[in-house]
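> The structure is given below, and queries will be raised subsequently.
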Amino acid sequence: MLTNTKEMLKKARDGGYAVGAFNAENAEMVFAIVAAAEKCKAPVIIQTTPSTLRYLPPVCFAGIVEAAAQKASVPVALHLDHGDSLELVRACLEAGYTSVMLDGSRLPLEENASVTAQAVQLAQSFGACCEGELGAIGGKEDSLQVQADGYTDPDQAAQFAALSGVDSLAVAIGTAHGVYQTAPKLDLGRIPLLEAKTGLPLVLHGASGLSDMVVREAVAKGMAKVNFATELRQAFTKGVIAVLRAEPQGFDPKNYLAQGRKNVQQMVEHRIQVCGGAGQV
């Protein structure tokens, strides 16, 4: 069933677990994510970034996810990750996305809150939810590259939440997008302070590459949504490469894409377990 993220994340926050949010690049990854969620009996969020939507437009992803969700016995949400314009937010909502993010984290606080508030109003008009971000999460993912901007200040987070009206908030605690070259310096103790100040479900970006122990601790301290992207791309690509190496003359995409799909499903199942989402449906 296709749903928005509001009750999904509220239930996670109150229940002390996190909903896994997984970035998809194609139909194989979408169906792998939904299959994993069904096997784990867990709610799940499927996400696409702006660069992914330049590869395949929102209406196409919405159609694929809706088809997968219709047959699913678990709640499935479709989310725009790191939306970079109100135009893209609207296009996703019109296509059927149930959740969007407007990432204004590179803007001054009040300007960020203002543009995010517009995205919130748009989302509400479609019965959808909106995520904002305060305190830029560094690193590179797809074509998105951001310099880390320190850690999110709890008092500023409270101000941003009040001004923007967001349903959930991505915060900076030291994680980064992409592949970690060195171990990140995380401030996990900041999480309960941010939650107390904002009263919102908090979102952890840049979780790919973090140890299971670190993810579990972040969830225990209050993260209600945990995003995974890079490690799914890596798993999918490794599956494709393995098949083509074993069968260099193979030319049927179904064969090598199937292994990529299998790898992604295994990865998603594991991360759902780590986030405590299994059995929450």
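So you can find residues: chains in the structure tokens are A, B, ... in the order shown, residues in each start at 1, and ligands are numbered from 1 in order.
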Set the distance at 6 Å and use only C-alpha atoms: which residues neighbour A:Ala21 once local chain neighbours fewer than 5 positions away are removed? I'd like the list as an MDAnalysis selection string.
chainID A and resid 45:46 226:227
> Please produce a file of those selected residues containing C-alpha atoms, as a compact mmCIF listing (two decimals), in the first residue's frame.

# COMPACT_ATOMS: atom_id res chain seq x y z
CA ILE A 45 10.50 4.49 2.17
CA ILE A 46 11.74 4.49 -1.43
CA VAL A 226 17.70 6.43 8.27
CA ASN A 227 18.78 6.96 4.65
> Within 10 Å of A:Arg90, counting only C-alpha atoms, which residues show up once you throw out same-chain ones fewer than 6 positions away? Write them as a PyMOL selection string, please.
chain A and resi 96-97+100+119+122-123+126
> Please, could you write that set of residues out with all heavy atoms as an mmCIF file, in the first residue's frame?

data_model
loop_
_atom_site.group_PDB
_atom_site.id
_atom_site.type_symbol
_atom_site.label_atom_id
_atom_site.label_comp_id
_atom_site.auth_asym_id
_atom_site.auth_seq_id
_atom_site.Cartn_x
_atom_site.Cartn_y
_atom_site.Cartn_z
ATOM 1 N N GLY A 96 2.649 11.816 -8.057
ATOM 2 C CA GLY A 96 2.142 10.841 -7.097
ATOM 3 C C GLY A 96 3.058 10.543 -5.929
ATOM 4 O O GLY A 96 2.784 9.631 -5.139
ATOM 5 N N TYR A 97 4.137 11.293 -5.782
ATOM 6 C CA TYR A 97 5.010 11.112 -4.621
ATOM 7 C C TYR A 97 4.219 11.436 -3.355
ATOM 8 O O TYR A 97 3.425 12.380 -3.327
ATOM 9 C CB TYR A 97 6.229 12.020 -4.709
ATOM 10 C CG TYR A 97 7.349 11.488 -5.564
ATOM 11 C CD1 TYR A 97 7.138 11.142 -6.904
ATOM 12 C CD2 TYR A 97 8.631 11.326 -5.058
ATOM 13 C CE1 TYR A 97 8.157 10.644 -7.690
ATOM 14 C CE2 TYR A 97 9.665 10.841 -5.839
ATOM 15 C CZ TYR A 97 9.429 10.498 -7.152
ATOM 16 O OH TYR A 97 10.443 10.004 -7.945
ATOM 17 N N VAL A 100 8.112 14.561 0.170
ATOM 18 C CA VAL A 100 9.144 15.316 -0.542
ATOM 19 C C VAL A 100 10.106 15.937 0.461
ATOM 20 O O VAL A 100 9.781 16.126 1.629
ATOM 21 C CB VAL A 100 8.543 16.436 -1.421
ATOM 22 C CG1 VAL A 100 7.751 15.845 -2.588
ATOM 23 C CG2 VAL A 100 7.665 17.370 -0.590
ATOM 24 N N ALA A 119 7.415 24.588 0.333
ATOM 25 C CA ALA A 119 7.345 23.176 -0.027
ATOM 26 C C ALA A 119 6.369 22.428 0.874
ATOM 27 O O ALA A 119 5.642 21.541 0.429
ATOM 28 C CB ALA A 119 8.734 22.539 0.055
ATOM 29 N N LEU A 122 2.901 23.127 -0.347
ATOM 30 C CA LEU A 122 2.647 22.357 -1.566
ATOM 31 C C LEU A 122 2.332 20.901 -1.217
ATOM 32 O O LEU A 122 1.363 20.319 -1.721
ATOM 33 C CB LEU A 122 3.879 22.401 -2.473
ATOM 34 C CG LEU A 122 3.925 23.461 -3.565
ATOM 35 C CD1 LEU A 122 5.281 23.408 -4.271
ATOM 36 C CD2 LEU A 122 2.808 23.255 -4.577
ATOM 37 N N ALA A 123 3.159 20.328 -0.363
ATOM 38 C CA ALA A 123 2.968 18.929 0.027
ATOM 39 C C ALA A 123 1.605 18.726 0.681
ATOM 40 O O ALA A 123 0.891 17.764 0.379
ATOM 41 C CB ALA A 123 4.089 18.488 0.963
ATOM 42 N N PHE A 126 -1.357 18.276 -1.486
ATOM 43 C CA PHE A 126 -1.449 16.971 -2.142
ATOM 44 C C PHE A 126 -1.622 15.836 -1.131
ATOM 45 O O PHE A 126 -1.583 14.668 -1.507
ATOM 46 C CB PHE A 126 -0.189 16.701 -2.975
ATOM 47 C CG PHE A 126 -0.135 17.456 -4.281
ATOM 48 C CD1 PHE A 126 0.379 18.745 -4.331
ATOM 49 C CD2 PHE A 126 -0.594 16.874 -5.450
ATOM 50 C CE1 PHE A 126 0.440 19.442 -5.533
ATOM 51 C CE2 PHE A 126 -0.541 17.560 -6.648
ATOM 52 C CZ PHE A 126 -0.032 18.848 -6.700
#
> With distances taken over only C-alpha atoms, which residue among A:Gly279, A:Pro50, A:Pro192, A:Gly260 lies nearest A:Val89?
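Among the listed residues, the smallest separation from A:Val89 belongs to A:Pro50.
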> Can you list, as a VMD selection string, every protein, DNA or RNA residue that comes within 10 Å of A:Val203 when you count only C-alpha atoms, leaving out same-chain residues fewer than 5 positions away?
chain A and resid 9 18 to 19 21 131 to 133 168 to 172 191 219 222 to 227
> Can you tell me, as an MDAnalysis selection string, what residues are no more than 7 Å from stretch 156-165 of chain A when counting only C-alpha atoms, ignoring any on the same chain fewer than 6 positions away?
chainID A and resid 109 113:114 116:117 120 134 194 197:198
> Quick one: of A:Lys41, A:Arg271, A:Arg190, A:Lys185, who's nearest to A:Val76, counting only C-alpha atoms?
A:Lys41
> Quick one: everything within 9 Å of A:Ala68, counting only C-alpha atoms, minus sequence neighbours fewer than 6 positions away in the same chain. Send it as a list in words.
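My reading of the contact set: Met1, Leu2, Val30, Phe31, Val34, Ala35 and Val76 of chain A.
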> Please, could you write that set of residues out with N, CA, C and O atoms as a PDB file, in the first residue's frame?

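Output saved as result-v1.pdb:
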ATOM      1  N   MET A   1       0.840  -1.196   0.000  1.00  0.00           N
ATOM      2  CA  MET A   1       0.000   0.000   0.000  1.00  0.00           C
ATOM      3  C   MET A   1       0.876   1.248   0.000  1.00  0.00           C
ATOM      4  O   MET A   1       1.888   1.294   0.684  1.00  0.00           O
ATOM      5  N   LEU A   2       0.506   2.233  -0.824  1.00  0.00           N
ATOM      6  CA  LEU A   2       1.275   3.467  -0.922  1.00  0.00           C
ATOM      7  C   LEU A   2       0.708   4.476   0.070  1.00  0.00           C
ATOM      8  O   LEU A   2      -0.493   4.739   0.091  1.00  0.00           O
ATOM      9  N   VAL A  30      13.651  -0.851  -7.040  1.00  0.00           N
ATOM     10  CA  VAL A  30      12.350  -0.618  -6.414  1.00  0.00           C
ATOM     11  C   VAL A  30      11.742  -1.926  -5.940  1.00  0.00           C
ATOM     12  O   VAL A  30      11.330  -2.063  -4.774  1.00  0.00           O
ATOM     13  N   PHE A  31      11.698  -2.927  -6.817  1.00  0.00           N
ATOM     14  CA  PHE A  31      11.068  -4.193  -6.445  1.00  0.00           C
ATOM     15  C   PHE A  31      11.895  -4.952  -5.411  1.00  0.00           C
ATOM     16  O   PHE A  31      11.338  -5.669  -4.575  1.00  0.00           O
ATOM     17  N   VAL A  34      10.981  -3.289  -1.987  1.00  0.00           N
ATOM     18  CA  VAL A  34       9.653  -3.690  -1.518  1.00  0.00           C
ATOM     19  C   VAL A  34       9.660  -5.155  -1.081  1.00  0.00           C
ATOM     20  O   VAL A  34       9.065  -5.510  -0.051  1.00  0.00           O
ATOM     21  N   ALA A  35      10.342  -6.019  -1.820  1.00  0.00           N
ATOM     22  CA  ALA A  35      10.419  -7.430  -1.451  1.00  0.00           C
ATOM     23  C   ALA A  35      11.092  -7.599  -0.094  1.00  0.00           C
ATOM     24  O   ALA A  35      10.671  -8.416   0.735  1.00  0.00           O
ATOM     25  N   VAL A  76       4.324   1.494   2.066  1.00  0.00           N
ATOM     26  CA  VAL A  76       5.417   1.953   1.208  1.00  0.00           C
ATOM     27  C   VAL A  76       5.201   3.433   0.924  1.00  0.00           C
ATOM     28  O   VAL A  76       4.115   3.841   0.520  1.00  0.00           O
TER      29      VAL A  76
END
> Please, which residues of stretch 27-96 of chain A, numbered as in this document, come out strand (DSSP E or B) from DSSP, as an NGL selection string?
:A and (44-48 or 76-83)
> Report the distance between atom CA of A:Asn26 and atom CA of A:Thr52 in Å, rounded to one decimal place.
8.8 Å
> Separation of atom CA of A:Arg233 and atom CA of A:Val264, in Å?
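So the two atoms, atom CA of A:Arg233 and atom CA of A:Val264, lie 8.1 Å apart.
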> As a short mmCIF file (atom, residue, chain, number, x, y, z; two decimals) with N, CA and C atoms, in the first residue's frame, please: every residue in stretch 29-259 of chain A that a backbone DSSP assignment puts in helix (DSSP H, G or I).

data_model
loop_
_atom_site.label_atom_id
_atom_site.label_comp_id
_atom_site.auth_asym_id
_atom_site.auth_seq_id
_atom_site.Cartn_x
_atom_site.Cartn_y
_atom_site.Cartn_z
N MET A 29 15.69 -2.10 -8.46
CA MET A 29 15.94 -1.68 -7.09
C MET A 29 14.63 -1.41 -6.35
N VAL A 30 13.65 -0.85 -7.04
CA VAL A 30 12.35 -0.62 -6.41
C VAL A 30 11.74 -1.93 -5.94
N PHE A 31 11.70 -2.93 -6.82
CA PHE A 31 11.07 -4.19 -6.44
C PHE A 31 11.90 -4.95 -5.41
N ALA A 32 13.22 -4.77 -5.43
CA ALA A 32 14.06 -5.39 -4.41
C ALA A 32 13.78 -4.80 -3.04
N ILE A 33 13.61 -3.49 -2.97
CA ILE A 33 13.34 -2.81 -1.70
C ILE A 33 11.99 -3.24 -1.13
N VAL A 34 10.98 -3.29 -1.99
CA VAL A 34 9.65 -3.69 -1.52
C VAL A 34 9.66 -5.15 -1.08
N ALA A 35 10.34 -6.02 -1.82
CA ALA A 35 10.42 -7.43 -1.45
C ALA A 35 11.09 -7.60 -0.09
N ALA A 36 12.14 -6.83 0.15
CA ALA A 36 12.83 -6.90 1.44
C ALA A 36 11.92 -6.45 2.57
N ALA A 37 11.18 -5.38 2.34
CA ALA A 37 10.27 -4.87 3.37
C ALA A 37 9.18 -5.89 3.68
N GLU A 38 8.67 -6.53 2.64
CA GLU A 38 7.64 -7.55 2.87
C GLU A 38 8.20 -8.73 3.66
N LYS A 39 9.39 -9.17 3.30
CA LYS A 39 10.00 -10.30 4.01
C LYS A 39 10.22 -9.96 5.48
N CYS A 40 10.59 -8.70 5.75
CA CYS A 40 10.87 -8.27 7.13
C CYS A 40 9.61 -7.78 7.85
N PRO A 50 17.39 14.22 -7.23
CA PRO A 50 17.21 15.00 -8.47
C PRO A 50 17.96 14.43 -9.66
N SER A 51 19.20 13.95 -9.46
CA SER A 51 19.95 13.42 -10.61
C SER A 51 19.33 12.13 -11.12
N THR A 52 18.77 11.33 -10.23
CA THR A 52 18.07 10.12 -10.66
C THR A 52 16.86 10.49 -11.50
N LEU A 53 16.19 11.57 -11.12
CA LEU A 53 14.99 12.00 -11.84
C LEU A 53 15.31 12.71 -13.15
N ARG A 54 16.58 13.05 -13.35
CA ARG A 54 16.99 13.51 -14.68
C ARG A 54 17.22 12.31 -15.60
N TYR A 55 17.49 11.17 -14.99
CA TYR A 55 17.66 9.92 -15.75
C TYR A 55 16.30 9.33 -16.11
N PRO A 58 9.91 11.85 -12.70
CA PRO A 58 9.10 11.46 -11.55
C PRO A 58 7.91 10.58 -11.88
N VAL A 59 7.21 10.87 -13.00
CA VAL A 59 6.02 10.10 -13.33
C VAL A 59 6.36 8.64 -13.58
N CYS A 60 7.55 8.36 -14.10
CA CYS A 60 7.96 6.97 -14.34
C CYS A 60 8.24 6.25 -13.03
N PHE A 61 9.00 6.88 -12.13
CA PHE A 61 9.27 6.26 -10.84
C PHE A 61 7.99 6.09 -10.03
N ALA A 62 7.13 7.08 -10.09
CA ALA A 62 5.87 6.98 -9.34
C ALA A 62 5.04 5.80 -9.83
N GLY A 63 5.03 5.58 -11.14
CA GLY A 63 4.29 4.46 -11.69
C GLY A 63 4.86 3.12 -11.26
N ILE A 64 6.19 3.01 -11.26
CA ILE A 64 6.84 1.77 -10.85
C ILE A 64 6.57 1.49 -9.37
N VAL A 65 6.74 2.51 -8.54
CA VAL A 65 6.56 2.32 -7.09
C VAL A 65 5.09 2.03 -6.78
N GLU A 66 4.18 2.72 -7.44
CA GLU A 66 2.77 2.46 -7.19
C GLU A 66 2.41 1.02 -7.54
N ALA A 67 2.95 0.52 -8.65
CA ALA A 67 2.69 -0.86 -9.05
C ALA A 67 3.22 -1.84 -8.02
N ALA A 68 4.41 -1.57 -7.50
CA ALA A 68 4.99 -2.45 -6.49
C ALA A 68 4.23 -2.36 -5.18
N ALA A 69 3.82 -1.15 -4.81
CA ALA A 69 3.14 -0.93 -3.53
C ALA A 69 1.74 -1.52 -3.51
N GLN A 70 1.06 -1.52 -4.67
CA GLN A 70 -0.31 -2.03 -4.74
C GLN A 70 -0.39 -3.49 -4.31
N LEU A 86 11.52 24.17 -5.89
CA LEU A 86 10.08 24.01 -5.70
C LEU A 86 9.43 23.42 -6.95
N GLU A 87 10.02 23.68 -8.11
CA GLU A 87 9.49 23.12 -9.35
C GLU A 87 9.57 21.60 -9.34
N LEU A 88 10.70 21.06 -8.87
CA LEU A 88 10.84 19.61 -8.80
C LEU A 88 9.92 19.03 -7.72
N VAL A 89 9.79 19.73 -6.61
CA VAL A 89 8.86 19.30 -5.57
C VAL A 89 7.45 19.16 -6.14
N ARG A 90 7.01 20.18 -6.86
CA ARG A 90 5.66 20.14 -7.44
C ARG A 90 5.54 19.01 -8.47
N ALA A 91 6.55 18.83 -9.31
CA ALA A 91 6.50 17.78 -10.32
C ALA A 91 6.36 16.40 -9.68
N CYS A 92 7.08 16.19 -8.58
CA CYS A 92 7.00 14.90 -7.89
C CYS A 92 5.63 14.71 -7.26
N LEU A 93 5.11 15.74 -6.63
CA LEU A 93 3.79 15.64 -6.01
C LEU A 93 2.71 15.38 -7.06
N GLU A 94 2.80 16.06 -8.18
CA GLU A 94 1.82 15.86 -9.25
C GLU A 94 1.92 14.45 -9.83
N ALA A 95 3.13 13.87 -9.78
CA ALA A 95 3.33 12.51 -10.30
C ALA A 95 2.81 11.44 -9.34
N LEU A 109 19.44 30.51 7.64
CA LEU A 109 18.34 29.83 8.33
C LEU A 109 16.97 30.36 7.92
N GLU A 110 16.77 31.64 7.97
CA GLU A 110 15.43 32.18 7.68
C GLU A 110 15.04 31.97 6.23
N GLU A 111 16.01 32.08 5.32
CA GLU A 111 15.71 31.85 3.91
C GLU A 111 15.41 30.37 3.66
N ASN A 112 16.17 29.51 4.32
CA ASN A 112 15.93 28.07 4.26
C ASN A 112 14.52 27.75 4.75
N ALA A 113 14.16 28.31 5.90
CA ALA A 113 12.84 28.07 6.48
C ALA A 113 11.73 28.57 5.57
N SER A 114 11.95 29.71 4.92
CA SER A 114 10.93 30.30 4.06
C SER A 114 10.64 29.44 2.84
N VAL A 115 11.71 29.00 2.13
CA VAL A 115 11.49 28.19 0.94
C VAL A 115 10.98 26.80 1.33
N THR A 116 11.42 26.29 2.47
CA THR A 116 10.93 24.99 2.93
C THR A 116 9.46 25.07 3.29
N ALA A 117 9.04 26.20 3.88
CA ALA A 117 7.63 26.38 4.23
C ALA A 117 6.75 26.34 2.98
N GLN A 118 7.27 26.87 1.87
CA GLN A 118 6.51 26.81 0.62
C GLN A 118 6.36 25.37 0.15
N ALA A 119 7.42 24.59 0.33
CA ALA A 119 7.35 23.18 -0.03
C ALA A 119 6.37 22.43 0.87
N VAL A 120 6.35 22.80 2.15
CA VAL A 120 5.41 22.19 3.10
C VAL A 120 3.97 22.44 2.65
N GLN A 121 3.68 23.68 2.27
CA GLN A 121 2.33 24.02 1.83
C GLN A 121 1.94 23.26 0.57
N LEU A 122 2.90 23.13 -0.35
CA LEU A 122 2.65 22.36 -1.57
C LEU A 122 2.33 20.90 -1.22
N ALA A 123 3.16 20.33 -0.36
CA ALA A 123 2.97 18.93 0.03
C ALA A 123 1.61 18.73 0.68
N GLN A 124 1.25 19.63 1.56
CA GLN A 124 -0.03 19.51 2.26
C GLN A 124 -1.20 19.55 1.28
N SER A 125 -1.08 20.34 0.23
CA SER A 125 -2.18 20.45 -0.75
C SER A 125 -2.37 19.15 -1.52
N PRO A 154 20.71 22.82 18.27
CA PRO A 154 19.35 22.51 18.73
C PRO A 154 18.42 23.72 18.79
N ASP A 155 18.92 24.86 19.23
CA ASP A 155 18.07 26.05 19.30
C ASP A 155 17.68 26.54 17.91
N GLN A 156 18.63 26.51 16.97
CA GLN A 156 18.32 26.89 15.60
C GLN A 156 17.34 25.89 14.98
N ALA A 157 17.49 24.62 15.34
CA ALA A 157 16.58 23.60 14.83
C ALA A 157 15.15 23.87 15.29
N ALA A 158 15.00 24.29 16.55
CA ALA A 158 13.68 24.61 17.07
C ALA A 158 13.08 25.79 16.31
N GLN A 159 13.91 26.79 16.03
CA GLN A 159 13.45 27.96 15.28
C GLN A 159 13.04 27.56 13.86
N PHE A 160 13.86 26.73 13.23
CA PHE A 160 13.57 26.28 11.86
C PHE A 160 12.28 25.48 11.81
N ALA A 161 12.09 24.60 12.77
CA ALA A 161 10.88 23.77 12.81
C ALA A 161 9.63 24.64 12.93
N ALA A 162 9.71 25.66 13.78
CA ALA A 162 8.56 26.53 13.99
C ALA A 162 8.26 27.37 12.75
N LEU A 163 9.30 27.85 12.08
CA LEU A 163 9.11 28.72 10.92
C LEU A 163 8.67 27.95 9.68
N SER A 164 9.18 26.75 9.52
CA SER A 164 8.94 25.99 8.27
C SER A 164 7.71 25.10 8.34
N ARG A 190 23.99 14.60 20.45
CA ARG A 190 23.21 15.75 19.99
C ARG A 190 21.79 15.35 19.58
N ILE A 191 21.60 14.07 19.25
CA ILE A 191 20.31 13.62 18.72
C ILE A 191 19.15 13.86 19.69
N PRO A 192 19.23 13.39 20.95
CA PRO A 192 18.09 13.63 21.85
C PRO A 192 17.85 15.10 22.14
N LEU A 193 18.90 15.93 22.08
CA LEU A 193 18.73 17.37 22.28
C LEU A 193 17.93 17.97 21.12
N LEU A 194 18.25 17.54 19.91
CA LEU A 194 17.54 18.03 18.73
C LEU A 194 16.08 17.58 18.74
N GLU A 195 15.86 16.34 19.14
CA GLU A 195 14.49 15.84 19.18
C GLU A 195 13.66 16.58 20.22
N ALA A 196 14.27 16.82 21.38
CA ALA A 196 13.55 17.51 22.45
C ALA A 196 13.20 18.94 22.04
N LYS A 197 14.10 19.60 21.34
CA LYS A 197 13.89 20.99 20.95
C LYS A 197 12.87 21.14 19.82
N THR A 198 12.84 20.17 18.90
CA THR A 198 11.99 20.30 17.72
C THR A 198 10.66 19.56 17.85
N ASP A 212 26.90 -1.26 11.82
CA ASP A 212 25.60 -1.59 12.40
C ASP A 212 25.48 -1.03 13.81
N MET A 213 26.56 -1.09 14.57
CA MET A 213 26.53 -0.62 15.94
C MET A 213 26.23 0.88 16.01
N VAL A 214 26.84 1.65 15.13
CA VAL A 214 26.62 3.10 15.12
C VAL A 214 25.18 3.43 14.71
N VAL A 215 24.69 2.74 13.69
CA VAL A 215 23.31 2.99 13.25
C VAL A 215 22.33 2.65 14.38
N ARG A 216 22.54 1.52 15.04
CA ARG A 216 21.66 1.13 16.15
C ARG A 216 21.68 2.19 17.26
N GLU A 217 22.86 2.72 17.55
CA GLU A 217 22.96 3.72 18.61
C GLU A 217 22.25 5.02 18.21
N ALA A 218 22.41 5.41 16.94
CA ALA A 218 21.73 6.62 16.47
C ALA A 218 20.22 6.46 16.56
N VAL A 219 19.72 5.28 16.22
CA VAL A 219 18.28 5.01 16.31
C VAL A 219 17.84 5.02 17.77
N ALA A 220 18.63 4.41 18.63
CA ALA A 220 18.29 4.35 20.05
C ALA A 220 18.21 5.75 20.65
N THR A 230 24.34 4.99 -1.17
CA THR A 230 25.59 4.56 -1.81
C THR A 230 25.79 3.06 -1.73
N GLU A 231 25.55 2.46 -0.57
CA GLU A 231 25.82 1.04 -0.43
C GLU A 231 24.85 0.19 -1.26
N LEU A 232 23.68 0.71 -1.57
CA LEU A 232 22.77 -0.02 -2.46
C LEU A 232 23.28 0.03 -3.89
N ARG A 233 23.79 1.17 -4.30
CA ARG A 233 24.37 1.27 -5.64
C ARG A 233 25.56 0.33 -5.78
N GLN A 234 26.38 0.30 -4.74
CA GLN A 234 27.54 -0.59 -4.77
C GLN A 234 27.11 -2.05 -4.86
N ALA A 235 26.12 -2.44 -4.07
CA ALA A 235 25.65 -3.83 -4.07
C ALA A 235 25.08 -4.21 -5.44
N PHE A 236 24.29 -3.32 -6.01
CA PHE A 236 23.68 -3.61 -7.32
C PHE A 236 24.77 -3.77 -8.38
N THR A 237 25.72 -2.86 -8.40
CA THR A 237 26.77 -2.88 -9.42
C THR A 237 27.65 -4.12 -9.27
N LYS A 238 27.96 -4.50 -8.04
CA LYS A 238 28.77 -5.71 -7.83
C LYS A 238 28.07 -6.94 -8.37
N GLY A 239 26.74 -6.99 -8.21
CA GLY A 239 25.99 -8.13 -8.74
C GLY A 239 26.06 -8.19 -10.25
N VAL A 240 25.89 -7.06 -10.90
CA VAL A 240 25.95 -7.01 -12.36
C VAL A 240 27.34 -7.42 -12.85
N ILE A 241 28.38 -6.87 -12.22
CA ILE A 241 29.76 -7.17 -12.63
C ILE A 241 30.06 -8.65 -12.48
N ALA A 242 29.61 -9.24 -11.38
CA ALA A 242 29.89 -10.66 -11.12
C ALA A 242 29.31 -11.54 -12.21
N VAL A 243 28.08 -11.24 -12.65
CA VAL A 243 27.45 -12.05 -13.69
C VAL A 243 28.18 -11.86 -15.02
N LEU A 244 28.53 -10.64 -15.37
CA LEU A 244 29.19 -10.39 -16.65
C LEU A 244 30.60 -10.97 -16.69
N ARG A 245 31.26 -11.01 -15.53
CA ARG A 245 32.58 -11.65 -15.49
C ARG A 245 32.46 -13.16 -15.67
N ALA A 246 31.43 -13.72 -15.07
CA ALA A 246 31.24 -15.17 -15.18
C ALA A 246 30.75 -15.57 -16.57
N PRO A 253 19.87 -8.65 -20.47
CA PRO A 253 19.88 -7.81 -19.27
C PRO A 253 19.17 -8.43 -18.08
N LYS A 254 18.16 -9.25 -18.35
CA LYS A 254 17.41 -9.86 -17.23
C LYS A 254 18.32 -10.68 -16.34
N ASN A 255 19.33 -11.33 -16.93
CA ASN A 255 20.21 -12.19 -16.15
C ASN A 255 21.09 -11.40 -15.18
N TYR A 256 21.77 -10.36 -15.70
CA TYR A 256 22.66 -9.63 -14.80
C TYR A 256 21.91 -8.66 -13.89
N LEU A 257 20.79 -8.13 -14.35
CA LEU A 257 20.00 -7.24 -13.49
C LEU A 257 19.38 -8.02 -12.33
N ALA A 258 19.06 -9.29 -12.56
CA ALA A 258 18.47 -10.12 -11.50
C ALA A 258 19.44 -10.27 -10.34
N GLN A 259 20.73 -10.40 -10.63
CA GLN A 259 21.70 -10.54 -9.53
C GLN A 259 21.87 -9.21 -8.79
#
